[in-house]
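S.K.: Just dropping this structure here.
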Amino acid sequence: MTQVRNKQVILRDYVSGFPKESDMNVVEGTITLKLPEGSNEVLLKNLYLSCDPYMVALMRKMGPEGFQTYTPGSVTINRVRGVKILESGHPNYKKGDLVWGFTKWEEYSLVTPTVLFKIEHTDVPLSYYTGILGMPGMTAYAGFFELGSPKKGENVFVSAASGAVGQLVGQFAKLTGCYVVGSAGSKEKVDLLKNKLGFDEAFNYKEESDLNATFKRYFPEGIDIYFENVGGKTLDAVLLNMKVHGRIPVCGMISQYNLTQPEGVTNLANIIFKRVCMQGFTVGDFYHLYPKFLDFILPHIKEGKIMYVEDIDEGLENGPGALVGLYSGRNFGKQVLVVARD
């Protein structure tokens, strides 16, 4: 039996406030590259890992209800894509298969394949299964089309628009024939939205002192769909500018995740007066649509009609820094961590 090094990212202590690299440790263990006799598990070599904003919520002592949280001393768990199966005791998977799904932040993982998707399309970058062809892509697709119910000519606003999900929502909206505005946190990201990703307009929210006035400037007739990624002051100002029967798919609230006292939202009455449908969702509710999603998005990727921007860090030892950087806006596009390329 071959025993090899297995580098891992361990949660050192529960996160309080903004996450720090020191909340995690990178340690070296060992693993035997052989399945136990009679096992129905699969042995994985992790190639590409995903850094996602929701992860910090699972690192807190009081995590969101209904979600498995991490505990100090445990290996950080996340969705991973671009994984090679080294050995399989499960009839649905064989040695050499490429998959994406749940695993841990480590070089090798032994898992029960309850949520593993086979990668059938290898004519696109394998890293795309951390983003556009994985959880962020499905999130954008389900939130925008299933909950947003867009119609040609409608007005769409996307917050955190240069991130893993937002950059896709904006492009989906343009493909549908909508007018699209996005917000981001730097001039470079605003330029990306307008000049590469095809948004009609974009603005740096850090330079806007009155968001209500900002939305009236970009949406004089109001907003039909707001794809919510940030919460807080942005959501409060959007509520004043929604059109009657507008829709707000609530994907995330990254501005609130690291606050000890979340900000209040004061304009909720507009949901009543304007008959706005505001609905939270998690992507797990929509994985049954994954084949339909692939049929939709793969032709657009291959024809160059949809672009995807990635920010790639190399090496598991850089995982804590890559994850923490999400909350300061350091990343430029989807944050990917390369563990191994083969």
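So you can find residues: chains in the structure tokens are A, B, ... in the order shown, residues in each start at 1, and ligands are numbered from 1 in order.
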Counting only C-alpha atoms, what is within 12 Å of Leu289 (chain A), bar same-chain residues fewer than 5 positions away, as a PyMOL selection string?
M.R.: chain A and resi 135+137-139+141-143+145-146+283-284+294-296
S.K.: For the residues selected in the previous step, produce a file with N, CA, C and O atoms as a compact mmCIF listing (two decimals), in the first residue's frame.
M.R.:
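Output saved as result.txt:
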```txt
# COMPACT_ATOMS: atom_id res chain seq x y z
N MET A 135 -21.01 25.10 -9.25
CA MET A 135 -21.98 25.71 -8.34
C MET A 135 -22.29 27.17 -8.67
O MET A 135 -23.47 27.55 -8.72
N GLY A 137 -22.14 28.79 -11.54
CA GLY A 137 -22.92 28.85 -12.77
C GLY A 137 -24.36 28.42 -12.56
O GLY A 137 -25.30 29.07 -13.04
N MET A 138 -24.54 27.31 -11.83
CA MET A 138 -25.89 26.84 -11.53
C MET A 138 -26.64 27.85 -10.68
O MET A 138 -27.86 28.05 -10.84
N THR A 139 -25.94 28.51 -9.75
CA THR A 139 -26.56 29.52 -8.90
C THR A 139 -27.08 30.68 -9.73
O THR A 139 -28.22 31.15 -9.55
N TYR A 141 -27.77 30.69 -12.94
CA TYR A 141 -28.82 30.20 -13.84
C TYR A 141 -30.15 30.04 -13.11
O TYR A 141 -31.20 30.54 -13.56
N ALA A 142 -30.12 29.36 -11.98
CA ALA A 142 -31.36 29.10 -11.24
C ALA A 142 -31.94 30.39 -10.67
O ALA A 142 -33.15 30.64 -10.77
N GLY A 143 -31.09 31.21 -10.07
CA GLY A 143 -31.59 32.44 -9.47
C GLY A 143 -32.18 33.39 -10.49
O GLY A 143 -33.26 33.97 -10.28
N PHE A 145 -33.07 32.79 -13.91
CA PHE A 145 -34.14 32.31 -14.78
C PHE A 145 -35.32 31.71 -14.01
O PHE A 145 -36.48 31.95 -14.37
N GLU A 146 -35.06 30.96 -12.96
CA GLU A 146 -36.15 30.30 -12.23
C GLU A 146 -36.86 31.26 -11.28
O GLU A 146 -38.08 31.22 -11.15
N VAL A 283 -28.43 26.80 -4.05
CA VAL A 283 -28.31 26.10 -5.33
C VAL A 283 -28.70 24.63 -5.22
O VAL A 283 -29.13 24.02 -6.20
N GLY A 284 -28.58 24.07 -4.01
CA GLY A 284 -28.93 22.66 -3.84
C GLY A 284 -30.37 22.33 -4.21
O GLY A 284 -30.69 21.19 -4.54
N LEU A 294 -26.44 22.76 -18.55
CA LEU A 294 -25.32 22.48 -19.46
C LEU A 294 -25.74 22.65 -20.92
O LEU A 294 -24.98 23.20 -21.73
N ASP A 295 -26.93 22.19 -21.26
CA ASP A 295 -27.43 22.35 -22.64
C ASP A 295 -27.53 23.82 -23.02
O ASP A 295 -27.31 24.20 -24.18
N PHE A 296 -27.85 24.66 -22.02
CA PHE A 296 -27.97 26.09 -22.27
C PHE A 296 -26.61 26.77 -22.40
O PHE A 296 -26.36 27.53 -23.34
```
S.K.: Need to verify the contact set: region 327-335 of chain A, 8 Å, only C-alpha atoms, exclusion of same-chain residues closer than 2 positions in sequence. Can you return it as a PyMOL selection string?
M.R.: chain A and resi 18+50-53+131+162-164+167+185+189+254+308-313+322-325+337
S.K.: Write out as a PyMOL selection string each polymer residue whose atoms come within 8 Å of Leu168 (chain A), counting only C-alpha atoms; drop sequence neighbours fewer than 2 positions from it.
M.R.: chain A and resi 132+137+140+164-166+170-172+306+308
S.K.: Convert the current residue selection to file output with C-alpha atoms, as a short mmCIF file (atom, residue, chain, number, x, y, z; two decimals), in the first residue's frame.
M.R.:
```
data_model
loop_
_atom_site.label_atom_id
_atom_site.label_comp_id
_atom_site.auth_asym_id
_atom_site.auth_seq_id
_atom_site.Cartn_x
_atom_site.Cartn_y
_atom_site.Cartn_z
CA ILE A 132 -19.20 28.71 -14.72
CA GLY A 137 -22.92 28.85 -12.77
CA ALA A 140 -26.65 32.28 -11.51
CA ALA A 164 -18.21 34.31 -9.59
CA VAL A 165 -22.01 34.52 -9.84
CA GLY A 166 -22.66 38.16 -10.69
CA GLY A 170 -25.26 40.06 -16.12
CA GLN A 171 -24.39 38.11 -19.26
CA PHE A 172 -27.51 35.95 -18.96
CA ILE A 306 -20.30 34.12 -22.59
CA TYR A 308 -15.72 33.91 -17.60
#
```
S.K.: Could you list, as a list of chain:residue names, every residue within 12 Å of Leu235 (chain A), counting only C-alpha atoms and ignoring same-chain residues fewer than 6 positions away?
M.R.: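 Here the answer would be A:Phe157, A:Val158, A:Ser159, A:Leu211, A:Asn212, A:Phe215, A:Tyr226, A:Phe227, A:Glu228, A:Asn229, A:Asn241, A:Met242, A:Ile248, A:Pro249, A:Val250, A:Gly252, A:Met253, A:Ile254, A:Ser255, A:Gln256, A:Glu263, A:Gly264, A:Val265, A:Thr266, A:Asn267, A:Leu268, A:Asn270, A:Ile271, A:Met278.
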S.K.: Just list the residues in region 205-296 of chain A DSSP gives strand (DSSP E or B) on the backbone, as a count of residues only.
M.R.: 19
S.K.: Looking at only C-alpha atoms, which of A:Gln3, A:Thr234, A:Ser16, A:Thr69 is the one that sits closest to Ser209 (chain A)?
M.R.: A:Thr234
S.K.: Could you check the closest approach to Ser149 (chain A) for each of A:Cys178, A:Val4, A:Leu133, A:Leu11 and tell me which residue wins, using only C-alpha atoms?
M.R.: A:Cys178
S.K.: Out of region 96-230 of chain A, which residues get helix (DSSP H, G or I) from DSSP, as a PyMOL selection string?
M.R.: chain A and resi 126-130+135-147+166-176+187-195+205-207+211-218
S.K.: Only N, CA and C atoms, please: the residues just picked out, written as a tab-separated table (two decimals), in the first residue's frame.
M.R.:
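Saved file again04.tsv follows:
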```tsv
chain	number	residue	atom	x	y	z
A	126	LEU	N	-10.67	22.73	-17.19
A	126	LEU	CA	-11.16	21.97	-16.04
A	126	LEU	C	-11.52	22.89	-14.88
A	127	SER	N	-10.83	24.02	-14.78
A	127	SER	CA	-11.11	24.98	-13.70
A	127	SER	C	-12.52	25.56	-13.81
A	128	TYR	N	-13.14	25.48	-15.01
A	128	TYR	CA	-14.49	26.00	-15.17
A	128	TYR	C	-15.49	25.27	-14.27
A	129	TYR	N	-15.15	24.06	-13.83
A	129	TYR	CA	-16.06	23.33	-12.96
A	129	TYR	C	-16.02	23.85	-11.52
A	130	THR	N	-15.14	24.81	-11.23
A	130	THR	CA	-15.22	25.53	-9.96
A	130	THR	C	-16.16	26.72	-10.08
A	135	MET	N	-21.01	25.10	-9.25
A	135	MET	CA	-21.98	25.71	-8.34
A	135	MET	C	-22.29	27.17	-8.67
A	136	PRO	N	-21.29	28.06	-8.92
A	136	PRO	CA	-21.64	29.45	-9.24
A	136	PRO	C	-22.47	29.59	-10.51
A	137	GLY	N	-22.14	28.79	-11.54
A	137	GLY	CA	-22.92	28.85	-12.77
A	137	GLY	C	-24.36	28.42	-12.56
A	138	MET	N	-24.54	27.31	-11.83
A	138	MET	CA	-25.89	26.84	-11.53
A	138	MET	C	-26.64	27.85	-10.68
A	139	THR	N	-25.94	28.51	-9.75
A	139	THR	CA	-26.56	29.52	-8.90
A	139	THR	C	-27.08	30.68	-9.73
A	140	ALA	N	-26.24	31.17	-10.64
A	140	ALA	CA	-26.65	32.28	-11.51
A	140	ALA	C	-27.84	31.88	-12.38
A	141	TYR	N	-27.77	30.69	-12.94
A	141	TYR	CA	-28.82	30.20	-13.84
A	141	TYR	C	-30.15	30.04	-13.11
A	142	ALA	N	-30.12	29.36	-11.98
A	142	ALA	CA	-31.36	29.10	-11.24
A	142	ALA	C	-31.94	30.39	-10.67
A	143	GLY	N	-31.09	31.21	-10.07
A	143	GLY	CA	-31.59	32.44	-9.47
A	143	GLY	C	-32.18	33.39	-10.49
A	144	PHE	N	-31.49	33.55	-11.62
A	144	PHE	CA	-31.95	34.52	-12.61
A	144	PHE	C	-33.16	34.01	-13.38
A	145	PHE	N	-33.07	32.79	-13.91
A	145	PHE	CA	-34.14	32.31	-14.78
A	145	PHE	C	-35.32	31.71	-14.01
A	146	GLU	N	-35.06	30.96	-12.96
A	146	GLU	CA	-36.15	30.30	-12.23
A	146	GLU	C	-36.86	31.26	-11.28
A	147	LEU	N	-36.12	32.12	-10.60
A	147	LEU	CA	-36.73	33.05	-9.64
A	147	LEU	C	-36.91	34.44	-10.24
A	166	GLY	N	-22.16	36.92	-10.10
A	166	GLY	CA	-22.66	38.16	-10.69
A	166	GLY	C	-22.26	38.35	-12.14
A	167	GLN	N	-21.02	38.00	-12.49
A	167	GLN	CA	-20.58	38.20	-13.88
A	167	GLN	C	-21.40	37.37	-14.85
A	168	LEU	N	-21.92	36.23	-14.40
A	168	LEU	CA	-22.75	35.39	-15.26
A	168	LEU	C	-24.18	35.91	-15.33
A	169	VAL	N	-24.72	36.36	-14.20
A	169	VAL	CA	-26.08	36.90	-14.20
A	169	VAL	C	-26.20	38.05	-15.20
A	170	GLY	N	-25.22	38.94	-15.19
A	170	GLY	CA	-25.26	40.06	-16.12
A	170	GLY	C	-25.26	39.62	-17.57
A	171	GLN	N	-24.45	38.61	-17.88
A	171	GLN	CA	-24.39	38.11	-19.26
A	171	GLN	C	-25.65	37.35	-19.65
A	172	PHE	N	-26.23	36.62	-18.70
A	172	PHE	CA	-27.51	35.95	-18.96
A	172	PHE	C	-28.59	36.99	-19.27
A	173	ALA	N	-28.56	38.10	-18.51
A	173	ALA	CA	-29.55	39.15	-18.71
A	173	ALA	C	-29.41	39.78	-20.09
A	174	LYS	N	-28.17	40.01	-20.53
A	174	LYS	CA	-27.96	40.58	-21.86
A	174	LYS	C	-28.42	39.62	-22.96
A	175	LEU	N	-28.17	38.32	-22.78
A	175	LEU	CA	-28.63	37.33	-23.75
A	175	LEU	C	-30.16	37.31	-23.85
A	176	THR	N	-30.82	37.69	-22.74
A	176	THR	CA	-32.28	37.71	-22.70
A	176	THR	C	-32.85	39.00	-23.29
A	187	LYS	N	-12.34	50.61	-9.87
A	187	LYS	CA	-12.43	51.09	-11.25
A	187	LYS	C	-12.13	49.96	-12.23
A	188	GLU	N	-11.14	49.12	-11.88
A	188	GLU	CA	-10.76	48.02	-12.75
A	188	GLU	C	-11.92	47.04	-12.94
A	189	LYS	N	-12.66	46.77	-11.87
A	189	LYS	CA	-13.79	45.85	-11.97
A	189	LYS	C	-14.95	46.47	-12.75
A	190	VAL	N	-15.15	47.76	-12.58
A	190	VAL	CA	-16.18	48.46	-13.35
A	190	VAL	C	-15.84	48.40	-14.85
A	191	ASP	N	-14.56	48.63	-15.17
A	191	ASP	CA	-14.13	48.55	-16.57
A	191	ASP	C	-14.35	47.14	-17.12
A	192	LEU	N	-14.08	46.12	-16.31
A	192	LEU	CA	-14.30	44.74	-16.74
A	192	LEU	C	-15.76	44.50	-17.10
A	193	LEU	N	-16.66	44.98	-16.26
A	193	LEU	CA	-18.09	44.78	-16.49
A	193	LEU	C	-18.53	45.43	-17.80
A	194	LYS	N	-18.08	46.63	-18.03
A	194	LYS	CA	-18.56	47.38	-19.20
A	194	LYS	C	-17.85	46.99	-20.49
A	195	ASN	N	-16.55	46.73	-20.40
A	195	ASN	CA	-15.75	46.57	-21.62
A	195	ASN	C	-15.52	45.12	-22.03
A	205	TYR	N	-19.46	51.21	-6.15
A	205	TYR	CA	-20.33	51.58	-5.03
A	205	TYR	C	-19.58	52.37	-3.96
A	206	LYS	N	-18.26	52.23	-3.90
A	206	LYS	CA	-17.48	52.96	-2.89
A	206	LYS	C	-17.43	54.45	-3.18
A	207	GLU	N	-17.74	54.82	-4.42
A	207	GLU	CA	-17.70	56.23	-4.82
A	207	GLU	C	-19.08	56.88	-4.81
A	211	LEU	N	-26.88	56.10	-2.60
A	211	LEU	CA	-27.24	55.00	-3.50
A	211	LEU	C	-28.64	55.17	-4.07
A	212	ASN	N	-29.54	55.78	-3.33
A	212	ASN	CA	-30.87	56.03	-3.86
A	212	ASN	C	-30.79	56.90	-5.11
A	213	ALA	N	-29.99	57.95	-5.04
A	213	ALA	CA	-29.79	58.83	-6.20
A	213	ALA	C	-29.09	58.08	-7.33
A	214	THR	N	-28.17	57.21	-6.98
A	214	THR	CA	-27.45	56.42	-7.98
A	214	THR	C	-28.43	55.57	-8.79
A	215	PHE	N	-29.33	54.88	-8.08
A	215	PHE	CA	-30.28	54.02	-8.79
A	215	PHE	C	-31.27	54.83	-9.62
A	216	LYS	N	-31.64	56.00	-9.14
A	216	LYS	CA	-32.54	56.84	-9.93
A	216	LYS	C	-31.84	57.33	-11.20
A	217	ARG	N	-30.52	57.48	-11.12
A	217	ARG	CA	-29.75	57.91	-12.29
A	217	ARG	C	-29.67	56.79	-13.34
A	218	TYR	N	-29.42	55.57	-12.89
A	218	TYR	CA	-29.27	54.46	-13.83
A	218	TYR	C	-30.60	53.80	-14.20
```
S.K.: Neighbours of Pro72 (chain A) within 7 Å (only C-alpha atoms; same-chain residues fewer than 5 positions away dropped), as a ChimeraX atom specification?
M.R.: /A:11-14
S.K.: Please list as a VMD selection string every residue within 8 Å of region 55-58 of chain A, counting only C-alpha atoms and excluding residues in the same chain fewer than 3 positions away.
M.R.: chain A and resid 15 19 51 to 52 63 to 64 67 to 70 78 257
S.K.: Using only C-alpha atoms for the distances, tell me which of A:Gly89, A:Glu107, A:Pro150, A:Val26 is nearest to Gly38 (chain A).
M.R.: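 Of A:Gly89, A:Glu107, A:Pro150, A:Val26, the one nearest Gly38 (chain A) is A:Gly89, counting only C-alpha atoms.
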S.K.: Counting only C-alpha atoms, which of A:Val42, A:Val181, A:Met24, A:Leu35 gets nearest to Leu116 (chain A)?
M.R.: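 Nearest to Leu116 (chain A): A:Val42.
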S.K.: Grab the CA of Leu326 (chain A) to CA of Lys196 (chain A) distance for me, in Å with one decimal place.
M.R.: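 Taking CA of Leu326 (chain A) as the start and CA of Lys196 (chain A) as the end point, the length is 21.3 Å.
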S.K.: Which of these residues is nearest to Tyr48 (chain A), using only C-alpha atoms: A:Val244, A:Val338, A:Ile225, A:Met307?
M.R.: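 Of A:Val244, A:Val338, A:Ile225, A:Met307, the one nearest Tyr48 (chain A) is A:Val338, counting only C-alpha atoms.
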S.K.: With distances taken over only C-alpha atoms, which of A:Glu87, A:Asp123, A:Glu314, A:Glu208 is nearest to Ala237 (chain A)?
M.R.: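 Closest to Ala237 (chain A), using only C-alpha atoms: A:Glu208.
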S.K.: Which residues are close to Ser88 (chain A), i.e. within 9 Å by only C-alpha atoms, leaving aside same-chain residues fewer than 3 positions away? Reply as a VMD selection string.
M.R.: chain A and resid 35 39 to 44 85 91 to 95
S.K.: Convert the current residue selection to file output with N, CA and C atoms, as a CSV table (one decimal), in the first residue's frame.
M.R.:
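In the end it all went to out.csv:
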```
chain,number,residue,atom,x,y,z
A,35,LEU,N,-8.2,1.8,-1.2
A,35,LEU,CA,-9.5,1.7,-0.5
A,35,LEU,C,-9.6,0.6,0.5
A,39,SER,N,-15.2,-1.4,0.6
A,39,SER,CA,-15.7,0.0,0.7
A,39,SER,C,-16.4,0.4,-0.5
A,40,ASN,N,-17.5,1.2,-0.4
A,40,ASN,CA,-18.2,1.8,-1.6
A,40,ASN,C,-17.8,3.2,-1.7
A,41,GLU,N,-16.7,3.7,-1.1
A,41,GLU,CA,-16.3,5.0,-1.2
A,41,GLU,C,-15.4,5.2,-2.5
A,42,VAL,N,-15.0,6.5,-2.7
A,42,VAL,CA,-14.1,6.7,-3.8
A,42,VAL,C,-12.9,7.5,-3.2
A,43,LEU,N,-11.7,7.3,-3.8
A,43,LEU,CA,-10.5,8.0,-3.4
A,43,LEU,C,-10.2,9.0,-4.4
A,44,LEU,N,-10.1,10.3,-4.0
A,44,LEU,CA,-10.0,11.4,-4.9
A,44,LEU,C,-8.7,12.1,-4.8
A,85,ILE,N,-10.6,10.6,-9.9
A,85,ILE,CA,-10.8,9.4,-9.1
A,85,ILE,C,-9.6,8.5,-9.2
A,91,PRO,N,-20.2,1.5,-7.8
A,91,PRO,CA,-20.4,1.1,-9.2
A,91,PRO,C,-20.6,2.2,-10.2
A,92,ASN,N,-20.9,3.4,-9.7
A,92,ASN,CA,-21.2,4.5,-10.7
A,92,ASN,C,-19.9,5.2,-11.1
A,93,TYR,N,-18.8,4.9,-10.5
A,93,TYR,CA,-17.5,5.6,-10.8
A,93,TYR,C,-16.4,4.6,-10.9
A,94,LYS,N,-15.4,5.0,-11.8
A,94,LYS,CA,-14.3,4.2,-12.0
A,94,LYS,C,-13.0,5.0,-12.0
A,95,LYS,N,-11.9,4.3,-11.8
A,95,LYS,CA,-10.6,4.9,-11.8
A,95,LYS,C,-10.4,5.8,-13.1
```
